[in-house]
file entry_10.txt (compact mmCIF, C-alpha atoms)
# COMPACT_ATOMS: atom_id res chain seq x y z
CA MET A 1331 0.00 0.00 0.00
CA ARG A 1332 1.55 3.24 -1.16
CA VAL A 1333 1.02 6.96 -0.71
CA LEU A 1334 1.43 8.80 -4.01
CA PRO A 1335 1.75 12.61 -3.93
CA VAL A 1336 0.61 14.40 -7.09
CA TYR A 1337 1.59 18.07 -7.25
CA LEU A 1338 -0.66 20.41 -9.21
CA PRO A 1339 -0.89 24.20 -9.53
CA TYR A 1340 -4.03 26.12 -8.74
CA GLY A 1341 -5.30 29.67 -8.86
CA SER A 1342 -8.52 31.48 -8.15
CA ASP A 1343 -11.48 29.43 -9.46
CA THR A 1344 -9.28 26.59 -10.74
CA LYS A 1345 -11.15 23.30 -11.12
CA TYR A 1346 -9.75 19.79 -11.41
CA LYS A 1347 -11.76 16.73 -12.36
CA ILE A 1348 -10.58 13.43 -10.88
CA VAL A 1349 -12.20 10.47 -12.65
CA LEU A 1350 -12.47 7.12 -10.83
CA ALA A 1351 -13.06 4.11 -13.07
CA GLY A 1352 -12.50 0.39 -12.83
CA ASP A 1353 -13.90 -3.10 -13.34
CA PHE A 1354 -13.63 -2.86 -17.13
CA HIS A 1355 -13.13 -6.64 -17.33
CA TYR A 1356 -11.73 -6.14 -20.81
CA GLY A 1357 -11.54 -9.41 -22.75
CA SER A 1358 -14.91 -10.68 -21.54
CA THR A 1359 -17.84 -11.00 -23.93
CA GLN A 1360 -19.81 -8.92 -21.43
CA CYS A 1361 -17.40 -5.96 -21.45
CA ASP A 1362 -19.04 -2.90 -23.02
CA VAL A 1363 -16.17 -1.89 -25.29
CA GLY A 1364 -18.25 0.87 -26.89
CA LEU A 1365 -18.72 2.47 -23.48
CA MET A 1366 -14.97 2.22 -22.88
CA ARG A 1367 -14.34 4.12 -26.10
CA LYS A 1368 -16.81 6.81 -25.02
CA PHE A 1369 -15.03 7.02 -21.68
CA VAL A 1370 -11.64 7.52 -23.32
CA SER A 1371 -12.86 10.04 -25.90
CA LYS A 1372 -14.68 12.05 -23.21
CA TYR A 1373 -11.56 12.74 -21.14
CA ALA A 1374 -8.50 12.28 -23.37
CA GLY A 1375 -6.67 15.58 -23.64
CA VAL A 1376 -9.14 17.48 -21.46
CA GLU A 1377 -7.32 20.08 -19.38
CA ASN A 1378 -7.15 19.56 -15.59
CA THR A 1379 -8.54 16.03 -15.81
CA LYS A 1380 -6.84 13.14 -14.03
CA VAL A 1381 -7.80 9.45 -13.88
CA ILE A 1382 -7.40 6.78 -11.18
CA LEU A 1383 -8.00 3.13 -12.14
CA LEU A 1384 -9.74 0.93 -9.57
CA GLY A 1385 -8.67 -2.58 -10.64
CA ASP A 1386 -9.94 -5.53 -12.70
CA GLU A 1387 -9.06 -3.70 -15.90
CA LEU A 1388 -8.66 -7.12 -17.57
CA ASP A 1389 -10.99 -10.06 -16.97
CA CYS A 1390 -7.97 -12.42 -16.80
CA VAL A 1391 -10.00 -15.62 -16.38
CA ALA A 1392 -7.80 -18.20 -18.13
CA ARG A 1393 -8.13 -21.95 -18.54
CA ALA A 1394 -6.44 -22.78 -15.23
CA ASP A 1395 -9.15 -20.82 -13.40
CA LYS A 1396 -12.15 -22.81 -12.15
CA ARG A 1397 -14.34 -19.91 -13.35
CA PHE A 1398 -13.13 -20.32 -16.95
CA ASP A 1399 -15.77 -20.68 -19.65
CA PRO A 1400 -14.67 -20.21 -23.29
CA ARG A 1401 -18.03 -18.59 -24.03
CA ASN A 1402 -17.07 -15.75 -21.71
CA VAL A 1403 -13.92 -14.94 -23.72
CA ALA A 1404 -14.46 -12.28 -26.38
CA GLU A 1405 -14.58 -13.98 -29.78
CA LYS A 1406 -11.47 -12.18 -31.03
CA TYR A 1407 -9.33 -13.96 -28.41
CA ARG A 1408 -11.11 -17.30 -28.16
CA GLY A 1409 -8.77 -20.22 -28.86
CA GLU A 1410 -5.68 -18.02 -29.18
CA ARG A 1411 -2.49 -18.96 -27.38
CA ASN A 1412 -1.44 -16.42 -24.73
CA PHE A 1413 -4.77 -14.68 -25.20
CA ILE A 1414 -4.34 -12.67 -21.98
CA ASP A 1415 -1.29 -11.02 -23.58
CA LEU A 1416 -3.40 -10.11 -26.61
CA VAL A 1417 -6.12 -8.70 -24.37
CA ALA A 1418 -3.50 -6.60 -22.54
CA ASP A 1419 -2.12 -5.31 -25.87
CA ASP A 1420 -5.54 -4.11 -26.99
CA PHE A 1421 -6.38 -2.61 -23.60
CA ILE A 1422 -3.18 -0.55 -23.70
CA ASP A 1423 -3.99 0.66 -27.22
CA LEU A 1424 -7.53 1.60 -26.22
CA LEU A 1425 -6.50 3.61 -23.14
CA HIS A 1426 -3.34 5.06 -24.67
CA PRO A 1427 -4.96 8.47 -25.41
CA LEU A 1428 -5.25 8.92 -21.61
CA LYS A 1429 -1.53 8.36 -21.03
CA GLY A 1430 -0.22 11.17 -18.85
CA GLN A 1431 -3.64 11.73 -17.32
CA ILE A 1432 -3.82 8.36 -15.55
CA VAL A 1433 -1.93 9.01 -12.33
CA ALA A 1434 -2.46 5.78 -10.36
CA GLY A 1435 -4.12 2.40 -10.27
CA VAL A 1436 -4.82 -0.36 -7.78
CA ASP A 1437 -4.59 -4.12 -8.26
CA GLY A 1438 -7.75 -6.19 -8.55
CA ASN A 1439 -8.72 -9.70 -7.58
CA HIS A 1440 -8.87 -10.97 -11.19
CA GLY A 1441 -5.30 -9.92 -11.90
CA SER A 1442 -4.11 -11.31 -8.57
CA THR A 1443 -5.72 -14.69 -9.31
CA TYR A 1444 -4.13 -14.84 -12.77
CA LEU A 1445 -0.72 -13.98 -11.28
CA LYS A 1446 -0.94 -17.02 -9.00
CA GLN A 1447 -1.82 -19.30 -11.91
CA ALA A 1448 0.55 -18.04 -14.57
CA ASP A 1449 3.38 -16.43 -12.57
CA THR A 1450 3.06 -13.34 -14.73
CA ASP A 1451 1.42 -10.00 -14.06
CA PRO A 1452 -0.08 -8.26 -17.10
CA MET A 1453 -0.88 -5.23 -14.95
CA HIS A 1454 2.86 -4.62 -14.57
CA ARG A 1455 3.14 -4.00 -18.30
CA ILE A 1456 -0.10 -2.02 -18.47
CA GLY A 1457 1.04 0.29 -15.68
CA ARG A 1458 4.46 0.75 -17.28
CA GLU A 1459 3.20 1.41 -20.81
CA LEU A 1460 0.39 3.74 -19.71
CA GLY A 1461 2.78 5.52 -17.36
CA TYR A 1462 0.94 5.37 -14.06
CA GLN A 1463 1.91 4.35 -10.54
CA ARG A 1464 0.56 1.13 -9.02
CA LEU A 1465 -0.45 1.46 -5.38
CA GLY A 1466 -1.04 -2.20 -4.52
CA TYR A 1467 -4.54 -3.41 -3.69
CA ALA A 1468 -5.18 -0.13 -1.86
CA GLY A 1469 -3.42 3.16 -1.22
CA TRP A 1470 -3.65 6.92 -1.11
CA VAL A 1471 -3.34 9.48 -3.88
CA SER A 1472 -2.64 12.84 -2.27
CA PHE A 1473 -3.27 15.74 -4.61
CA VAL A 1474 -1.14 18.62 -3.34
CA PHE A 1475 -2.31 21.89 -4.88
CA ARG A 1476 0.16 24.78 -4.88
CA ARG A 1477 -1.00 28.35 -5.37
CA GLU A 1478 0.10 30.15 -8.53
CA GLY A 1479 -0.38 33.64 -9.93
CA LYS A 1480 -1.07 37.03 -8.38
CA GLY A 1481 -1.31 36.98 -4.60
CA ALA A 1482 0.21 33.51 -4.40
CA GLU A 1483 2.42 34.39 -1.43
CA ARG A 1484 -0.39 36.00 0.51
CA ALA A 1485 -2.87 33.20 -0.09
CA GLY A 1486 -0.23 30.62 -0.72
CA ARG A 1487 -1.16 27.74 1.50
CA THR A 1488 -0.92 24.42 -0.21
CA ARG A 1489 -4.20 22.54 -0.29
CA THR A 1490 -4.13 18.76 -0.02
CA VAL A 1491 -7.02 16.50 -0.99
CA ASN A 1492 -6.51 12.85 -0.11
CA TYR A 1493 -8.09 9.98 -2.04
CA PHE A 1494 -8.05 6.55 -0.42
CA VAL A 1495 -8.67 4.04 -3.21
CA SER A 1496 -9.04 0.28 -3.08
CA HIS A 1497 -10.32 -2.36 -5.43
CA GLY A 1498 -12.73 -3.17 -2.62
CA LYS A 1499 -13.36 -5.40 0.31
CA PRO A 1500 -14.67 -8.90 -0.43
CA SER A 1501 -18.30 -8.98 0.62
CA THR A 1502 -21.42 -11.07 0.18
CA ALA A 1503 -23.62 -7.97 0.41
CA GLN A 1504 -26.09 -7.94 -2.48
CA THR A 1505 -28.24 -4.93 -1.59
CA PRO A 1506 -27.24 -1.31 -2.32
CA GLY A 1507 -27.29 -0.55 1.40
CA GLY A 1508 -25.20 -3.62 2.21
CA SER A 1509 -22.43 -2.79 -0.23
CA LEU A 1510 -22.40 0.85 0.90
CA ASN A 1511 -22.16 -0.26 4.54
CA THR A 1512 -19.18 -2.44 3.60
CA LEU A 1513 -17.48 0.58 2.04
CA ALA A 1514 -18.31 2.84 5.01
CA SER A 1515 -17.06 0.27 7.51
CA SER A 1516 -13.77 -0.19 5.68
CA ALA A 1517 -13.21 3.51 4.92
CA GLN A 1518 -13.40 4.60 8.55
CA TRP A 1519 -9.91 3.24 9.18
CA PHE A 1520 -8.25 5.28 6.41
CA ILE A 1521 -8.23 9.06 6.81
CA SER A 1522 -9.14 10.70 3.51
CA ASP A 1523 -11.39 13.26 1.86
CA ILE A 1524 -12.61 10.68 -0.65
CA ALA A 1525 -12.78 6.92 -0.09
CA ALA A 1526 -13.50 4.89 -3.22
CA HIS A 1527 -14.01 1.16 -3.78
CA GLY A 1528 -14.51 -0.93 -6.89
CA HIS A 1529 -15.19 -4.67 -6.95
CA THR A 1530 -18.96 -4.68 -6.26
CA HIS A 1531 -19.67 -3.17 -9.72
CA ARG A 1532 -22.17 -0.87 -8.02
CA LEU A 1533 -22.15 2.81 -8.82
CA SER A 1534 -22.82 5.45 -6.18
CA ALA A 1535 -21.62 8.84 -4.97
CA GLY A 1536 -23.03 11.62 -2.86
CA ASN A 1537 -22.92 9.68 0.41
CA SER A 1538 -20.53 10.94 3.05
CA ARG A 1539 -19.41 10.44 6.61
CA ILE A 1540 -19.62 13.65 8.65
CA MET A 1541 -17.01 14.14 11.35
CA LEU A 1542 -16.41 16.96 13.84
CA ALA A 1543 -12.83 18.05 14.42
CA PRO A 1544 -11.62 20.44 17.13
CA ASP A 1545 -10.39 23.88 16.05
CA PRO A 1546 -8.50 25.14 19.13
CA ARG A 1547 -7.22 28.23 17.31
CA HIS A 1548 -10.77 29.57 17.12
CA GLY A 1549 -12.08 27.86 20.24
CA THR A 1550 -14.64 25.81 18.35
CA TYR A 1551 -14.94 22.81 16.07
CA ARG A 1552 -15.34 22.35 12.34
CA LYS A 1553 -17.16 19.87 10.18
CA THR A 1554 -15.23 17.57 7.87
CA LYS A 1555 -16.50 15.08 5.30
CA GLN A 1556 -15.28 11.79 3.94
CA HIS A 1557 -17.03 11.25 0.61
CA LEU A 1558 -17.88 7.58 -0.09
CA ILE A 1559 -17.82 6.38 -3.70
CA GLN A 1560 -18.47 3.07 -5.45
CA THR A 1561 -16.89 3.29 -8.87
CA GLY A 1562 -19.14 1.08 -11.00
CA SER A 1563 -18.22 -1.20 -13.89
CA PHE A 1564 -18.11 -1.64 -17.66
CA LEU A 1565 -19.21 -5.30 -17.40
CA LYS A 1566 -22.80 -6.11 -18.32
CA SER A 1567 -24.34 -8.33 -15.65
CA TYR A 1568 -26.91 -9.95 -17.97
CA SER A 1569 -26.47 -11.20 -21.53
CA LYS A 1570 -28.79 -10.77 -24.50
CA ASP A 1571 -28.33 -14.30 -25.80
CA GLU A 1572 -28.32 -17.86 -24.49
CA PHE A 1573 -25.00 -17.47 -22.66
CA SER A 1574 -25.52 -16.79 -18.97
CA PRO A 1575 -22.55 -15.12 -17.20
CA TYR A 1576 -21.95 -15.79 -13.53
CA SER A 1577 -23.92 -12.74 -12.38
CA GLU A 1578 -26.93 -13.97 -14.35
CA ARG A 1579 -26.71 -17.49 -12.92
CA ALA A 1580 -26.47 -16.01 -9.42
CA LEU A 1581 -29.39 -13.66 -10.19
CA TYR A 1582 -27.51 -10.62 -8.96
CA ALA A 1583 -29.32 -7.30 -9.09
CA PRO A 1584 -28.96 -5.52 -12.46
CA ILE A 1585 -26.62 -2.54 -12.31
CA ASP A 1586 -25.92 0.75 -14.06
CA LEU A 1587 -22.69 0.76 -16.02
CA GLY A 1588 -20.42 3.74 -15.71
CA TRP A 1589 -17.86 5.44 -13.52
CA ALA A 1590 -17.55 8.13 -10.86
CA CYS A 1591 -16.27 11.68 -11.02
CA THR A 1592 -15.08 14.19 -8.48
CA GLU A 1593 -14.32 17.86 -8.91
CA VAL A 1594 -11.95 19.81 -6.70
CA SER A 1595 -12.22 23.59 -6.88
CA PHE A 1596 -11.06 26.68 -5.01
CA PRO A 1597 -13.82 29.32 -5.07
CA GLY A 1598 -12.56 32.90 -5.18
CA ASN A 1599 -9.79 33.77 -2.78
CA SER A 1600 -11.22 31.87 0.17
CA ALA A 1601 -9.37 29.17 2.06
CA TYR A 1602 -12.23 26.81 1.23
CA THR A 1603 -11.67 23.74 -0.94
CA LYS A 1604 -14.87 22.50 -2.56
CA ILE A 1605 -15.32 18.82 -3.43
CA LYS A 1606 -18.17 17.67 -5.65
CA CYS A 1607 -18.97 14.01 -6.44
CA TRP A 1608 -21.26 12.43 -9.01
CA THR A 1609 -21.69 9.25 -11.06
CA ASN A 1610 -22.57 7.77 -14.37
CA GLU A 1611 -21.44 9.95 -17.19
CA ALA A 1612 -22.04 6.92 -19.34
CA GLY A 1613 -25.01 8.29 -21.23
call {"tool": "encode", "arguments": {"input": "entry_10.txt", "output": "structure tokens"}}
result
Amino acid sequence: MRVLPVYLPYGSDTKYKIVLAGDFHYGSTQCDVGLMRKFVSKYAGVENTKVILLGDELDCVARADKRFDPRNVAEKYRGERNFIDLVADDFIDLLHPLKGQIVAGVDGNHGSTYLKQADTDPMHRIGRELGYQRLGYAGWVSFVFRREGKGAERAGRTRTVNYFVSHGKPSTAQTPGGSLNTLASSAQWFISDIAAHGHTHRLSAGNSRIMLAPDPRHGTYRKTKQHLIQTGSFLKSYSKDEFSPYSERALYAPIDLGWACTEVSFPGNSAYTKIKCWTNEAG
């Protein structure tokens, strides 16, 4: 588990968008590749936009895995030798326009399982070729904003916004409230402004934990928030043909596909840092 500082300049009314996306499960027949392309085209080259990947970028279910079913492998790769390598190649090509904007990523359970079976880690190459830092299964990305421009010395405090990101805690929770409770329970141990999990494929933002912190300088207390985010998925849970993926056989609740976004801004010349969270820019 790593702490990654990311240093960024800011001025009056600067806004940064931090996009949180994971569970692409690229290489599966159920992966919505069209939605992935929309995701890339929406943010590639957009100023002040950064991306954090939340794990399970590749499906990575190979023949040695008890979950393997050739019908779940995208037709392009079915029957190919070293097909996970081919999936990784295409994933890198697809996300390459975001290179330089992806700042960090966490490991997922699918990649970890494949590593045990094959003694190779495709996420190592993906992280290297897309130029982002791997945090482990969980870690912090600390965005350290440094004041620029007129009045920088006078108002020049650095502002730090901490993201605690994890692929997610294994859970049997199947209800929206259950998965959110799992996130809230886990996040309480990791101090952060934003706590984000993947893994459940659920998509939610706008929930937060309110905490009161003492402010001895002013003889009072202040309110702080920890925003809780579930980062969604690009994997369709139900098929439109006779093939039934695992989620369909288990009769899991249908889900919205998509990802989560946060915006960090610095209104006017105040010392206030504003954090806004929302989901599902898929459509």
call {"tool": "residues_around", "arguments": {"input": "entry_10.txt", "residues": "His1529 of chain A", "least_positions_apart": "5", "cutoff": "8 Å", "atoms": "only C-alpha atoms", "output": "PyMOL selection string"}}
result
chain A and resi 1353+1385-1386+1438+1497-1500
call {"tool": "atom_distance", "arguments": {"input": "entry_10.txt", "atom1": "atom CA of Gly1435 of chain A", "atom2": "atom CA of Tyr1462 of chain A"}}
result
7.0 Å
call {"tool": "atom_distance", "arguments": {"input": "entry_10.txt", "atom1": "atom CA of Lys1372 of chain A", "atom2": "atom CA of Leu1510 of chain A"}}
result
27.7 Å
call {"tool": "residues_around", "arguments": {"input": "entry_10.txt", "residues": "Leu1533 of chain A", "least_positions_apart": "4", "cutoff": "8 Å", "atoms": "all atoms listed in the file", "output": "list of chain:residue names"}}
result
A:Ile1559, A:Gln1560, A:Thr1561, A:Gly1562, A:Ser1563, A:Ile1585, A:Asp1586, A:Leu1587, A:Gly1588, A:Trp1589, A:Ala1590, A:Thr1609, A:Asn1610
call {"tool": "write_last_selection", "arguments": {"input": "entry_10.txt", "atoms": "C-alpha atoms", "output": "CSV table (one decimal), keeping the file's coordinate frame"}}
result
chain,number,residue,atom,x,y,z
A,1559,ILE,CA,-17.8,6.4,-3.7
A,1560,GLN,CA,-18.5,3.1,-5.4
A,1561,THR,CA,-16.9,3.3,-8.9
A,1562,GLY,CA,-19.1,1.1,-11.0
A,1563,SER,CA,-18.2,-1.2,-13.9
A,1585,ILE,CA,-26.6,-2.5,-12.3
A,1586,ASP,CA,-25.9,0.8,-14.1
A,1587,LEU,CA,-22.7,0.8,-16.0
A,1588,GLY,CA,-20.4,3.7,-15.7
A,1589,TRP,CA,-17.9,5.4,-13.5
A,1590,ALA,CA,-17.6,8.1,-10.9
A,1609,THR,CA,-21.7,9.2,-11.1
A,1610,ASN,CA,-22.6,7.8,-14.4
call {"tool": "atom_distance", "arguments": {"input": "entry_10.txt", "atom1": "atom CA of Val1417 of chain A", "atom2": "atom CA of Arg1464 of chain A"}}
result
19.4 Å
call {"tool": "closest_residue", "arguments": {"input": "entry_10.txt", "among": "A:Leu1460, A:Met1366, A:Leu1388, A:Val1436", "to": "Val1333 of chain A", "atoms": "only C-alpha atoms"}}
result
A:Val1436
call {"tool": "closest_residue", "arguments": {"input": "entry_10.txt", "among": "A:Ile1456, A:Ala1468, A:Ala1418, A:Ala1580", "to": "Ala1517 of chain A", "atoms": "only C-alpha atoms"}}
result
A:Ala1468
call {"tool": "residues_near_point", "arguments": {"input": "entry_10.txt", "point": "(-14.0, 13.5, 4.6)", "cutoff": "12 Å", "atoms": "all atoms listed in the file", "output": "PDB file with C-alpha atoms, in the coordinates of the input"}}
result
ATOM      1  CA  VAL A1491      -7.020  16.500  -0.990  1.00  0.00           C
ATOM      2  CA  ASN A1492      -6.510  12.850  -0.110  1.00  0.00           C
ATOM      3  CA  TYR A1493      -8.090   9.980  -2.040  1.00  0.00           C
ATOM      4  CA  PHE A1494      -8.050   6.550  -0.420  1.00  0.00           C
ATOM      5  CA  ALA A1514     -18.310   2.840   5.010  1.00  0.00           C
ATOM      6  CA  ALA A1517     -13.210   3.510   4.920  1.00  0.00           C
ATOM      7  CA  GLN A1518     -13.400   4.600   8.550  1.00  0.00           C
ATOM      8  CA  TRP A1519      -9.910   3.240   9.180  1.00  0.00           C
ATOM      9  CA  PHE A1520      -8.250   5.280   6.410  1.00  0.00           C
ATOM     10  CA  ILE A1521      -8.230   9.060   6.810  1.00  0.00           C
ATOM     11  CA  SER A1522      -9.140  10.700   3.510  1.00  0.00           C
ATOM     12  CA  ASP A1523     -11.390  13.260   1.860  1.00  0.00           C
ATOM     13  CA  ILE A1524     -12.610  10.680  -0.650  1.00  0.00           C
ATOM     14  CA  ALA A1525     -12.780   6.920  -0.090  1.00  0.00           C
ATOM     15  CA  ALA A1526     -13.500   4.890  -3.220  1.00  0.00           C
ATOM     16  CA  GLY A1536     -23.030  11.620  -2.860  1.00  0.00           C
ATOM     17  CA  ASN A1537     -22.920   9.680   0.410  1.00  0.00           C
ATOM     18  CA  SER A1538     -20.530  10.940   3.050  1.00  0.00           C
ATOM     19  CA  ARG A1539     -19.410  10.440   6.610  1.00  0.00           C
ATOM     20  CA  ILE A1540     -19.620  13.650   8.650  1.00  0.00           C
ATOM     21  CA  MET A1541     -17.010  14.140  11.350  1.00  0.00           C
ATOM     22  CA  LEU A1542     -16.410  16.960  13.840  1.00  0.00           C
ATOM     23  CA  ALA A1543     -12.830  18.050  14.420  1.00  0.00           C
ATOM     24  CA  ARG A1552     -15.340  22.350  12.340  1.00  0.00           C
ATOM     25  CA  LYS A1553     -17.160  19.870  10.180  1.00  0.00           C
ATOM     26  CA  THR A1554     -15.230  17.570   7.870  1.00  0.00           C
ATOM     27  CA  LYS A1555     -16.500  15.080   5.300  1.00  0.00           C
ATOM     28  CA  GLN A1556     -15.280  11.790   3.940  1.00  0.00           C
ATOM     29  CA  HIS A1557     -17.030  11.250   0.610  1.00  0.00           C
ATOM     30  CA  LEU A1558     -17.880   7.580  -0.090  1.00  0.00           C
ATOM     31  CA  ILE A1559     -17.820   6.380  -3.700  1.00  0.00           C
ATOM     32  CA  THR A1603     -11.670  23.740  -0.940  1.00  0.00           C
ATOM     33  CA  LYS A1604     -14.870  22.500  -2.560  1.00  0.00           C
ATOM     34  CA  ILE A1605     -15.320  18.820  -3.430  1.00  0.00           C
ATOM     35  CA  LYS A1606     -18.170  17.670  -5.650  1.00  0.00           C
TER      36      LYS A1606
END
call {"tool": "closest_residue", "arguments": {"input": "entry_10.txt", "among": "A:Asn1511, A:Asn1378, A:Thr1592, A:Asn1402", "to": "Ile1348 of chain A", "atoms": "all atoms listed in the file"}}
result
A:Thr1592
call {"tool": "axis_aligned_box", "arguments": {"input": "entry_10.txt", "around": "segment 1453-1459 of chain A", "padding_each_side": "4 Å", "output": "lines of an AutoDock Vina configuration file"}}
result
center_x = 1.8
center_y = -1.9
center_z = -17.7
size_x = 13.3
size_y = 14.6
size_z = 14.2
call {"tool": "residues_near_point", "arguments": {"input": "entry_10.txt", "point": "(-13.2, 17.4, -12.8)", "cutoff": "10 Å", "atoms": "only C-alpha atoms", "output": "number ranges by chain"}}
result
A: 1345-1349, 1373, 1376-1381, 1591-1595, 1605-1607
call {"tool": "closest_residue", "arguments": {"input": "entry_10.txt", "among": "A:Tyr1576, A:Val1474, A:Ser1567, A:Arg1367", "to": "Arg1487 of chain A", "atoms": "all atoms listed in the file"}}
result
A:Val1474
call {"tool": "closest_residue", "arguments": {"input": "entry_10.txt", "among": "A:Val1336, A:Val1363, A:Leu1383, A:Ala1448", "to": "Val1471 of chain A", "atoms": "only C-alpha atoms"}}
result
A:Val1336
call {"tool": "closest_residue", "arguments": {"input": "entry_10.txt", "among": "A:Asn1412, A:Gln1360, A:Thr1344, A:Thr1490", "to": "Ser1577 of chain A", "atoms": "only C-alpha atoms"}}
result
A:Gln1360
call {"tool": "residues_around", "arguments": {"input": "entry_10.txt", "residues": "Arg1401 of chain A", "least_positions_apart": "6", "cutoff": "10 Å", "atoms": "all atoms listed in the file", "output": "ChimeraX atom specification"}}
result
/A:1358-1359,1408,1573-1575
